[in-house]
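This report concerns only the one structure given below.
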Amino acid sequence: MRSPARLALLVVGWAGAAWLTLVVPGNLVMRLAFGQTGDPALPWQVLAAALGLLLALATLRYGARTAPRPPRRRTDGTVRPEPWARAATWAAAAVPVLGYTVPHLLWGLGVPFGVAAGSRAELAALGDSATYWVLLVAGPVAGAVLTLGLAARWGQVVPRRVPWAGGRRVPRPVAVVPPVVVGLLVGQYGAMMTTCLAFGVTRACAPGGGADVLDGSWAFAGTYPVFLLWGVCLLAAAAGRVRATAVPTA
């Protein structure tokens, strides 16, 4: 098949998969994680997410079978992902650090970056919370480092200097399942809240006063598109890892 037609099919396939897995199900993964299963629409949302994942796998398989060349194997036996997969991996590592850790670091230090005057008093207590620094500042950085393993040698074979596990192959599910779960979680949340922001209905999506902090605080609101972009990049990076290790290599 000619390259333009192949590219068009891949774009349609990935766009459809993203729509079904991130947009249609709403905040499905988070609600399941917290046991909120009372929504009568839940079965249809699960079905949409499942269809989206199946479409993503079919698109990934089609892209692999019609690729002009297979992924290249390094001299140590590991596989070098394709350029798009490496770019997605680096983006998935950089987006949460730049778009989430950096502003939370500034807020924890008391810097009112992008925060309305009415919300600045709440920043004073953030720097005293160990949970804040561990989960919201250091957490995304640790996740970014692990994300780089999707495209790196050490993400396929454990470095020999690591006690007991050095030199062993990293099972594909161990490398792929966590970023897929996290990608769905943050991607669905980001898609839902970004849509709410775009249509000006944030309070309907975050009832109980949870959206009051957004009034005049563009940096707080900006974290929602960051979640969406992070999820998309993380899922693409995981797909690149599957693509690199699932087909014969050159």
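We name chains A, B, ... following the order of the structure tokens; residues begin at 1 in each chain, and ligands are numbered from 1 as shown.
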Item to complete: List every residue of stretch 106-206 of chain A that DSSP, applied to the backbone of this structure, assigns to alpha helix (DSSP H), and report them as a ChimeraX atom specification.
Response: /A:106-108,130-131,139-147,172-198,202-205
Could you go through stretch 20-127 of chain A and tell me which residues DSSP, when run on the backbone, assigns to strand (DSSP E or B), listing them as a PDB file with N, CA and C atoms, in the first residue's frame?
```pdb
ATOM      1  N   ARG A  72      15.562  -1.744  14.606  1.00  0.00           N
ATOM      2  CA  ARG A  72      16.946  -2.209  14.570  1.00  0.00           C
ATOM      3  C   ARG A  72      17.365  -2.740  15.941  1.00  0.00           C
ATOM      4  N   ARG A  73      18.160  -3.800  15.887  1.00  0.00           N
ATOM      5  CA  ARG A  73      18.677  -4.391  17.114  1.00  0.00           C
ATOM      6  C   ARG A  73      20.046  -3.807  17.426  1.00  0.00           C
ATOM      7  N   VAL A  79      16.512  -3.813  21.491  1.00  0.00           N
ATOM      8  CA  VAL A  79      15.924  -3.251  20.273  1.00  0.00           C
ATOM      9  C   VAL A  79      15.815  -1.740  20.410  1.00  0.00           C
ATOM     10  N   ARG A  80      16.180  -1.043  19.365  1.00  0.00           N
ATOM     11  CA  ARG A  80      16.076   0.414  19.340  1.00  0.00           C
ATOM     12  C   ARG A  80      14.720   0.814  18.775  1.00  0.00           C
TER      13      ARG A  80
END
```
Which residues of stretch 126-172 of chain A have any atom within 10 Å of an atom in stretch 225-249 of chain A when counting only C-alpha atoms, and what is the closest pair of atoms for each, with the distance in Å to one decimal? Order the rows by chain and rising number and write it as a tab-separated table.
```
residue	atom	partner	partner_atom	distance
A:Ala144	CA	A:Leu234	CA	9.9
A:Thr147	CA	A:Leu234	CA	7.8
A:Leu148	CA	A:Ala237	CA	9.1
A:Gly149	CA	A:Arg241	CA	9.4
A:Leu150	CA	A:Arg241	CA	5.8
A:Ala151	CA	A:Arg241	CA	6.8
A:Ala152	CA	A:Arg241	CA	9.8
A:Gly155	CA	A:Arg241	CA	9.5
A:Gln156	CA	A:Thr245	CA	9.0
A:Arg172	CA	A:Val242	CA	7.6
```
Those same residues, written as an mmCIF file, in the first residue's frame with all heavy atoms?
```cif
data_model
loop_
_atom_site.group_PDB
_atom_site.id
_atom_site.type_symbol
_atom_site.label_atom_id
_atom_site.label_comp_id
_atom_site.auth_asym_id
_atom_site.auth_seq_id
_atom_site.Cartn_x
_atom_site.Cartn_y
_atom_site.Cartn_z
ATOM 1 N N ALA A 144 8.915 10.043 35.421
ATOM 2 C CA ALA A 144 9.580 10.406 34.175
ATOM 3 C C ALA A 144 10.825 9.554 33.944
ATOM 4 O O ALA A 144 11.095 9.110 32.820
ATOM 5 C CB ALA A 144 9.947 11.880 34.190
ATOM 6 N N THR A 147 9.746 6.201 32.870
ATOM 7 C CA THR A 147 9.204 6.264 31.511
ATOM 8 C C THR A 147 10.300 6.142 30.471
ATOM 9 O O THR A 147 10.108 5.507 29.423
ATOM 10 C CB THR A 147 8.437 7.581 31.312
ATOM 11 O OG1 THR A 147 7.327 7.619 32.213
ATOM 12 C CG2 THR A 147 7.920 7.708 29.882
ATOM 13 N N LEU A 148 11.464 6.719 30.739
ATOM 14 C CA LEU A 148 12.565 6.655 29.773
ATOM 15 C C LEU A 148 12.986 5.221 29.487
ATOM 16 O O LEU A 148 13.566 4.939 28.430
ATOM 17 C CB LEU A 148 13.752 7.466 30.292
ATOM 18 C CG LEU A 148 13.535 8.975 30.395
ATOM 19 C CD1 LEU A 148 14.767 9.646 30.991
ATOM 20 C CD2 LEU A 148 13.229 9.570 29.017
ATOM 21 N N GLY A 149 12.686 4.312 30.409
ATOM 22 C CA GLY A 149 13.020 2.909 30.180
ATOM 23 C C GLY A 149 12.276 2.286 29.016
ATOM 24 O O GLY A 149 12.702 1.256 28.482
ATOM 25 N N LEU A 150 11.170 2.900 28.580
ATOM 26 C CA LEU A 150 10.434 2.360 27.439
ATOM 27 C C LEU A 150 11.250 2.423 26.154
ATOM 28 O O LEU A 150 10.970 1.688 25.207
ATOM 29 C CB LEU A 150 9.115 3.120 27.259
ATOM 30 C CG LEU A 150 8.072 2.903 28.353
ATOM 31 C CD1 LEU A 150 6.919 3.877 28.192
ATOM 32 C CD2 LEU A 150 7.566 1.466 28.321
ATOM 33 N N ALA A 151 12.241 3.303 26.106
ATOM 34 C CA ALA A 151 13.058 3.428 24.901
ATOM 35 C C ALA A 151 14.529 3.141 25.154
ATOM 36 O O ALA A 151 15.321 3.170 24.217
ATOM 37 C CB ALA A 151 12.904 4.828 24.306
ATOM 38 N N ALA A 152 14.896 2.876 26.400
ATOM 39 C CA ALA A 152 16.304 2.711 26.747
ATOM 40 C C ALA A 152 16.683 1.236 26.850
ATOM 41 O O ALA A 152 15.829 0.362 26.988
ATOM 42 C CB ALA A 152 16.610 3.417 28.063
ATOM 43 N N GLY A 155 15.595 -0.568 30.031
ATOM 44 C CA GLY A 155 14.185 -0.920 30.113
ATOM 45 C C GLY A 155 13.878 -2.265 29.474
ATOM 46 O O GLY A 155 12.757 -2.776 29.623
ATOM 47 N N GLN A 156 14.848 -2.841 28.773
ATOM 48 C CA GLN A 156 14.670 -4.158 28.161
ATOM 49 C C GLN A 156 15.494 -5.234 28.852
ATOM 50 O O GLN A 156 15.071 -6.380 28.955
ATOM 51 C CB GLN A 156 15.031 -4.095 26.675
ATOM 52 C CG GLN A 156 14.153 -3.157 25.874
ATOM 53 C CD GLN A 156 14.565 -3.083 24.412
ATOM 54 O OE1 GLN A 156 14.946 -4.080 23.809
ATOM 55 N NE2 GLN A 156 14.493 -1.893 23.831
ATOM 56 N N ARG A 172 7.813 -8.005 29.033
ATOM 57 C CA ARG A 172 7.072 -6.933 28.375
ATOM 58 C C ARG A 172 5.902 -6.427 29.208
ATOM 59 O O ARG A 172 5.691 -5.208 29.290
ATOM 60 C CB ARG A 172 6.576 -7.371 26.997
ATOM 61 C CG ARG A 172 6.025 -6.207 26.174
ATOM 62 C CD ARG A 172 5.294 -6.679 24.943
ATOM 63 N NE ARG A 172 6.141 -7.513 24.125
ATOM 64 C CZ ARG A 172 5.675 -8.318 23.164
ATOM 65 N NH1 ARG A 172 4.369 -8.379 22.950
ATOM 66 N NH2 ARG A 172 6.488 -9.043 22.447
#
```
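In this model, the gap between atom CA of A:Gly139 and atom CA of A:Phe220 comes to 17.9 Å.
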What are the nearest atom pairs, with distances in Å to one decimal, for all residues of stretch 145-211 of chain A that come at most 12 Å from stretch 95-116 of chain A, using only C-alpha atoms, set out by chain and rising residue number as CSV?
```
residue,atom,partner,partner_atom,distance
A:Val145,CA,A:Val97,CA,10.2
A:Thr147,CA,A:Pro96,CA,10.9
A:Gly183,CA,A:Pro96,CA,11.6
A:Val186,CA,A:Pro96,CA,10.4
A:Gly187,CA,A:Pro96,CA,11.9
```
Worksheet item: Near stretch 48-63 of chain A, within 7 Å and counting only C-alpha atoms, which residues show up once chain neighbours fewer than 5 positions away are dropped, as number ranges by chain?
Response: A: 10, 13-14, 17-18, 20-21, 24-25, 243
Distance query A:Val157 at most 8 Å, only C-alpha atoms, self and fewer than 2 positions along chain excluded, as a PDB file with N, CA, C and O atoms, in the first residue's frame:
```
ATOM      1  N   THR A  78      19.405  -5.649  22.618  1.00  0.00           N
ATOM      2  CA  THR A  78      18.188  -4.885  22.840  1.00  0.00           C
ATOM      3  C   THR A  78      17.752  -4.236  21.529  1.00  0.00           C
ATOM      4  O   THR A  78      18.523  -4.139  20.569  1.00  0.00           O
ATOM      5  N   ARG A 153      17.980   0.982  26.835  1.00  0.00           N
ATOM      6  CA  ARG A 153      18.473  -0.385  26.983  1.00  0.00           C
ATOM      7  C   ARG A 153      18.048  -0.983  28.314  1.00  0.00           C
ATOM      8  O   ARG A 153      17.618  -2.127  28.393  1.00  0.00           O
ATOM      9  N   TRP A 154      18.210  -0.204  29.393  1.00  0.00           N
ATOM     10  CA  TRP A 154      17.923  -0.744  30.722  1.00  0.00           C
ATOM     11  C   TRP A 154      16.447  -1.046  30.930  1.00  0.00           C
ATOM     12  O   TRP A 154      16.083  -1.725  31.902  1.00  0.00           O
ATOM     13  N   GLY A 155      15.595  -0.568  30.031  1.00  0.00           N
ATOM     14  CA  GLY A 155      14.185  -0.920  30.113  1.00  0.00           C
ATOM     15  C   GLY A 155      13.878  -2.265  29.474  1.00  0.00           C
ATOM     16  O   GLY A 155      12.757  -2.776  29.623  1.00  0.00           O
ATOM     17  N   PRO A 159      20.359  -3.697  33.978  1.00  0.00           N
ATOM     18  CA  PRO A 159      21.818  -3.517  34.009  1.00  0.00           C
ATOM     19  C   PRO A 159      22.488  -4.529  34.931  1.00  0.00           C
ATOM     20  O   PRO A 159      21.964  -4.879  35.984  1.00  0.00           O
ATOM     21  N   GLY A 166      20.475  -8.366  37.687  1.00  0.00           N
ATOM     22  CA  GLY A 166      21.304  -7.868  36.599  1.00  0.00           C
ATOM     23  C   GLY A 166      21.440  -8.845  35.450  1.00  0.00           C
ATOM     24  O   GLY A 166      21.691 -10.037  35.654  1.00  0.00           O
ATOM     25  N   GLY A 167      21.241  -8.335  34.216  1.00  0.00           N
ATOM     26  CA  GLY A 167      21.364  -9.146  33.021  1.00  0.00           C
ATOM     27  C   GLY A 167      20.094  -9.844  32.590  1.00  0.00           C
ATOM     28  O   GLY A 167      20.049 -10.437  31.504  1.00  0.00           O
ATOM     29  N   ARG A 168      19.052  -9.802  33.394  1.00  0.00           N
ATOM     30  CA  ARG A 168      17.807 -10.470  33.041  1.00  0.00           C
ATOM     31  C   ARG A 168      16.945  -9.586  32.145  1.00  0.00           C
ATOM     32  O   ARG A 168      16.962  -8.363  32.246  1.00  0.00           O
ATOM     33  N   ARG A 169      16.171 -10.238  31.289  1.00  0.00           N
ATOM     34  CA  ARG A 169      15.235  -9.526  30.432  1.00  0.00           C
ATOM     35  C   ARG A 169      14.077  -8.982  31.251  1.00  0.00           C
ATOM     36  O   ARG A 169      13.577  -9.641  32.161  1.00  0.00           O
ATOM     37  N   VAL A 170      13.651  -7.786  30.920  1.00  0.00           N
ATOM     38  CA  VAL A 170      12.474  -7.195  31.565  1.00  0.00           C
ATOM     39  C   VAL A 170      11.239  -7.699  30.829  1.00  0.00           C
ATOM     40  O   VAL A 170      11.087  -7.439  29.626  1.00  0.00           O
TER      41      VAL A 170
END
```
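The interatomic distance for the pair atom CA of A:Leu184 and atom CA of A:Leu28 works out to 8.8 Å.
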Worksheet entry | For A:Thr194: contacts at 10 Å, only C-alpha atoms, fewer than 4 positions along chain excluded, given as a list in words | Gln188, Tyr189, Gly190, Ala198, Phe199, Gly200, Thr202, Ala221, Gly222, Thr223, Tyr224, Pro225, Val226, Phe227 and Leu228 of chain A
Please dump the current selection as an mmCIF file, in the first residue's frame; keep all heavy atoms.
```
data_model
loop_
_atom_site.group_PDB
_atom_site.id
_atom_site.type_symbol
_atom_site.label_atom_id
_atom_site.label_comp_id
_atom_site.auth_asym_id
_atom_site.auth_seq_id
_atom_site.Cartn_x
_atom_site.Cartn_y
_atom_site.Cartn_z
ATOM 1 N N GLN A 188 -7.631 10.149 30.572
ATOM 2 C CA GLN A 188 -9.080 10.296 30.695
ATOM 3 C C GLN A 188 -9.443 11.485 31.579
ATOM 4 O O GLN A 188 -10.346 12.256 31.255
ATOM 5 C CB GLN A 188 -9.688 9.009 31.258
ATOM 6 C CG GLN A 188 -9.702 7.858 30.274
ATOM 7 C CD GLN A 188 -10.266 6.587 30.883
ATOM 8 O OE1 GLN A 188 -10.594 6.527 32.065
ATOM 9 N NE2 GLN A 188 -10.375 5.556 30.071
ATOM 10 N N TYR A 189 -8.731 11.621 32.692
ATOM 11 C CA TYR A 189 -8.988 12.760 33.577
ATOM 12 C C TYR A 189 -8.698 14.079 32.851
ATOM 13 O O TYR A 189 -9.497 15.019 32.916
ATOM 14 C CB TYR A 189 -8.126 12.638 34.830
ATOM 15 C CG TYR A 189 -8.256 13.800 35.783
ATOM 16 C CD1 TYR A 189 -9.414 13.969 36.534
ATOM 17 C CD2 TYR A 189 -7.224 14.723 35.934
ATOM 18 C CE1 TYR A 189 -9.540 15.037 37.414
ATOM 19 C CE2 TYR A 189 -7.338 15.788 36.810
ATOM 20 C CZ TYR A 189 -8.492 15.942 37.541
ATOM 21 O OH TYR A 189 -8.625 16.999 38.410
ATOM 22 N N GLY A 190 -7.572 14.131 32.153
ATOM 23 C CA GLY A 190 -7.225 15.349 31.436
ATOM 24 C C GLY A 190 -8.203 15.666 30.327
ATOM 25 O O GLY A 190 -8.565 16.827 30.106
ATOM 26 N N ALA A 198 -12.997 23.904 28.230
ATOM 27 C CA ALA A 198 -13.274 24.460 26.899
ATOM 28 C C ALA A 198 -14.712 24.941 26.780
ATOM 29 O O ALA A 198 -14.982 25.942 26.101
ATOM 30 C CB ALA A 198 -12.967 23.409 25.832
ATOM 31 N N PHE A 199 -15.639 24.242 27.448
ATOM 32 C CA PHE A 199 -17.052 24.610 27.349
ATOM 33 C C PHE A 199 -17.543 25.392 28.561
ATOM 34 O O PHE A 199 -18.736 25.671 28.682
ATOM 35 C CB PHE A 199 -17.908 23.350 27.161
ATOM 36 C CG PHE A 199 -17.763 22.721 25.802
ATOM 37 C CD1 PHE A 199 -16.862 21.695 25.601
ATOM 38 C CD2 PHE A 199 -18.517 23.171 24.733
ATOM 39 C CE1 PHE A 199 -16.715 21.112 24.360
ATOM 40 C CE2 PHE A 199 -18.382 22.604 23.475
ATOM 41 C CZ PHE A 199 -17.474 21.566 23.289
ATOM 42 N N GLY A 200 -16.620 25.741 29.459
ATOM 43 C CA GLY A 200 -16.980 26.576 30.592
ATOM 44 C C GLY A 200 -17.906 25.922 31.589
ATOM 45 O O GLY A 200 -18.706 26.608 32.237
ATOM 46 N N THR A 202 -16.755 23.731 34.138
ATOM 47 C CA THR A 202 -15.853 23.059 35.072
ATOM 48 C C THR A 202 -16.548 22.715 36.376
ATOM 49 O O THR A 202 -16.297 21.660 36.966
ATOM 50 C CB THR A 202 -14.630 23.941 35.356
ATOM 51 O OG1 THR A 202 -14.058 24.355 34.114
ATOM 52 C CG2 THR A 202 -13.587 23.175 36.147
ATOM 53 N N ALA A 221 -5.575 25.845 36.054
ATOM 54 C CA ALA A 221 -6.372 25.323 34.945
ATOM 55 C C ALA A 221 -5.484 24.669 33.887
ATOM 56 O O ALA A 221 -5.882 23.695 33.244
ATOM 57 C CB ALA A 221 -7.190 26.448 34.321
ATOM 58 N N GLY A 222 -4.266 25.181 33.723
ATOM 59 C CA GLY A 222 -3.371 24.643 32.703
ATOM 60 C C GLY A 222 -2.881 23.242 32.983
ATOM 61 O O GLY A 222 -2.377 22.571 32.073
ATOM 62 N N THR A 223 -3.023 22.775 34.227
ATOM 63 C CA THR A 223 -2.587 21.406 34.511
ATOM 64 C C THR A 223 -3.503 20.373 33.863
ATOM 65 O O THR A 223 -3.083 19.229 33.645
ATOM 66 C CB THR A 223 -2.521 21.143 36.028
ATOM 67 O OG1 THR A 223 -3.813 21.353 36.607
ATOM 68 C CG2 THR A 223 -1.515 22.065 36.695
ATOM 69 N N TYR A 224 -4.739 20.736 33.531
ATOM 70 C CA TYR A 224 -5.658 19.764 32.932
ATOM 71 C C TYR A 224 -5.222 19.365 31.519
ATOM 72 O O TYR A 224 -5.155 18.164 31.216
ATOM 73 C CB TYR A 224 -7.087 20.307 32.938
ATOM 74 C CG TYR A 224 -7.642 20.503 34.322
ATOM 75 C CD1 TYR A 224 -8.377 21.636 34.649
ATOM 76 C CD2 TYR A 224 -7.417 19.560 35.326
ATOM 77 C CE1 TYR A 224 -8.885 21.822 35.927
ATOM 78 C CE2 TYR A 224 -7.917 19.735 36.601
ATOM 79 C CZ TYR A 224 -8.651 20.874 36.897
ATOM 80 O OH TYR A 224 -9.142 21.055 38.165
ATOM 81 N N PRO A 225 -4.920 20.308 30.623
ATOM 82 C CA PRO A 225 -4.363 19.888 29.329
ATOM 83 C C PRO A 225 -3.041 19.140 29.468
ATOM 84 O O PRO A 225 -2.725 18.287 28.638
ATOM 85 C CB PRO A 225 -4.185 21.219 28.579
ATOM 86 C CG PRO A 225 -5.146 22.159 29.220
ATOM 87 C CD PRO A 225 -5.191 21.764 30.655
ATOM 88 N N VAL A 226 -2.271 19.452 30.514
ATOM 89 C CA VAL A 226 -1.028 18.718 30.754
ATOM 90 C C VAL A 226 -1.326 17.246 30.997
ATOM 91 O O VAL A 226 -0.651 16.359 30.463
ATOM 92 C CB VAL A 226 -0.257 19.325 31.949
ATOM 93 C CG1 VAL A 226 0.863 18.385 32.400
ATOM 94 C CG2 VAL A 226 0.333 20.667 31.558
ATOM 95 N N PHE A 227 -2.356 16.963 31.802
ATOM 96 C CA PHE A 227 -2.741 15.571 32.042
ATOM 97 C C PHE A 227 -3.108 14.879 30.733
ATOM 98 O O PHE A 227 -2.729 13.714 30.507
ATOM 99 C CB PHE A 227 -3.929 15.515 33.004
ATOM 100 C CG PHE A 227 -3.555 15.607 34.451
ATOM 101 C CD1 PHE A 227 -4.048 16.633 35.250
ATOM 102 C CD2 PHE A 227 -2.711 14.670 35.022
ATOM 103 C CE1 PHE A 227 -3.705 16.718 36.592
ATOM 104 C CE2 PHE A 227 -2.360 14.743 36.361
ATOM 105 C CZ PHE A 227 -2.858 15.771 37.147
ATOM 106 N N LEU A 228 -3.865 15.556 29.888
ATOM 107 C CA LEU A 228 -4.271 14.961 28.615
ATOM 108 C C LEU A 228 -3.064 14.668 27.734
ATOM 109 O O LEU A 228 -2.918 13.560 27.193
ATOM 110 C CB LEU A 228 -5.245 15.897 27.891
ATOM 111 C CG LEU A 228 -5.670 15.469 26.486
ATOM 112 C CD1 LEU A 228 -6.312 14.100 26.499
ATOM 113 C CD2 LEU A 228 -6.619 16.504 25.875
#
```
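Going from atom CA of A:Met193 over to atom CA of A:Thr89, you cover 23.7 Å.
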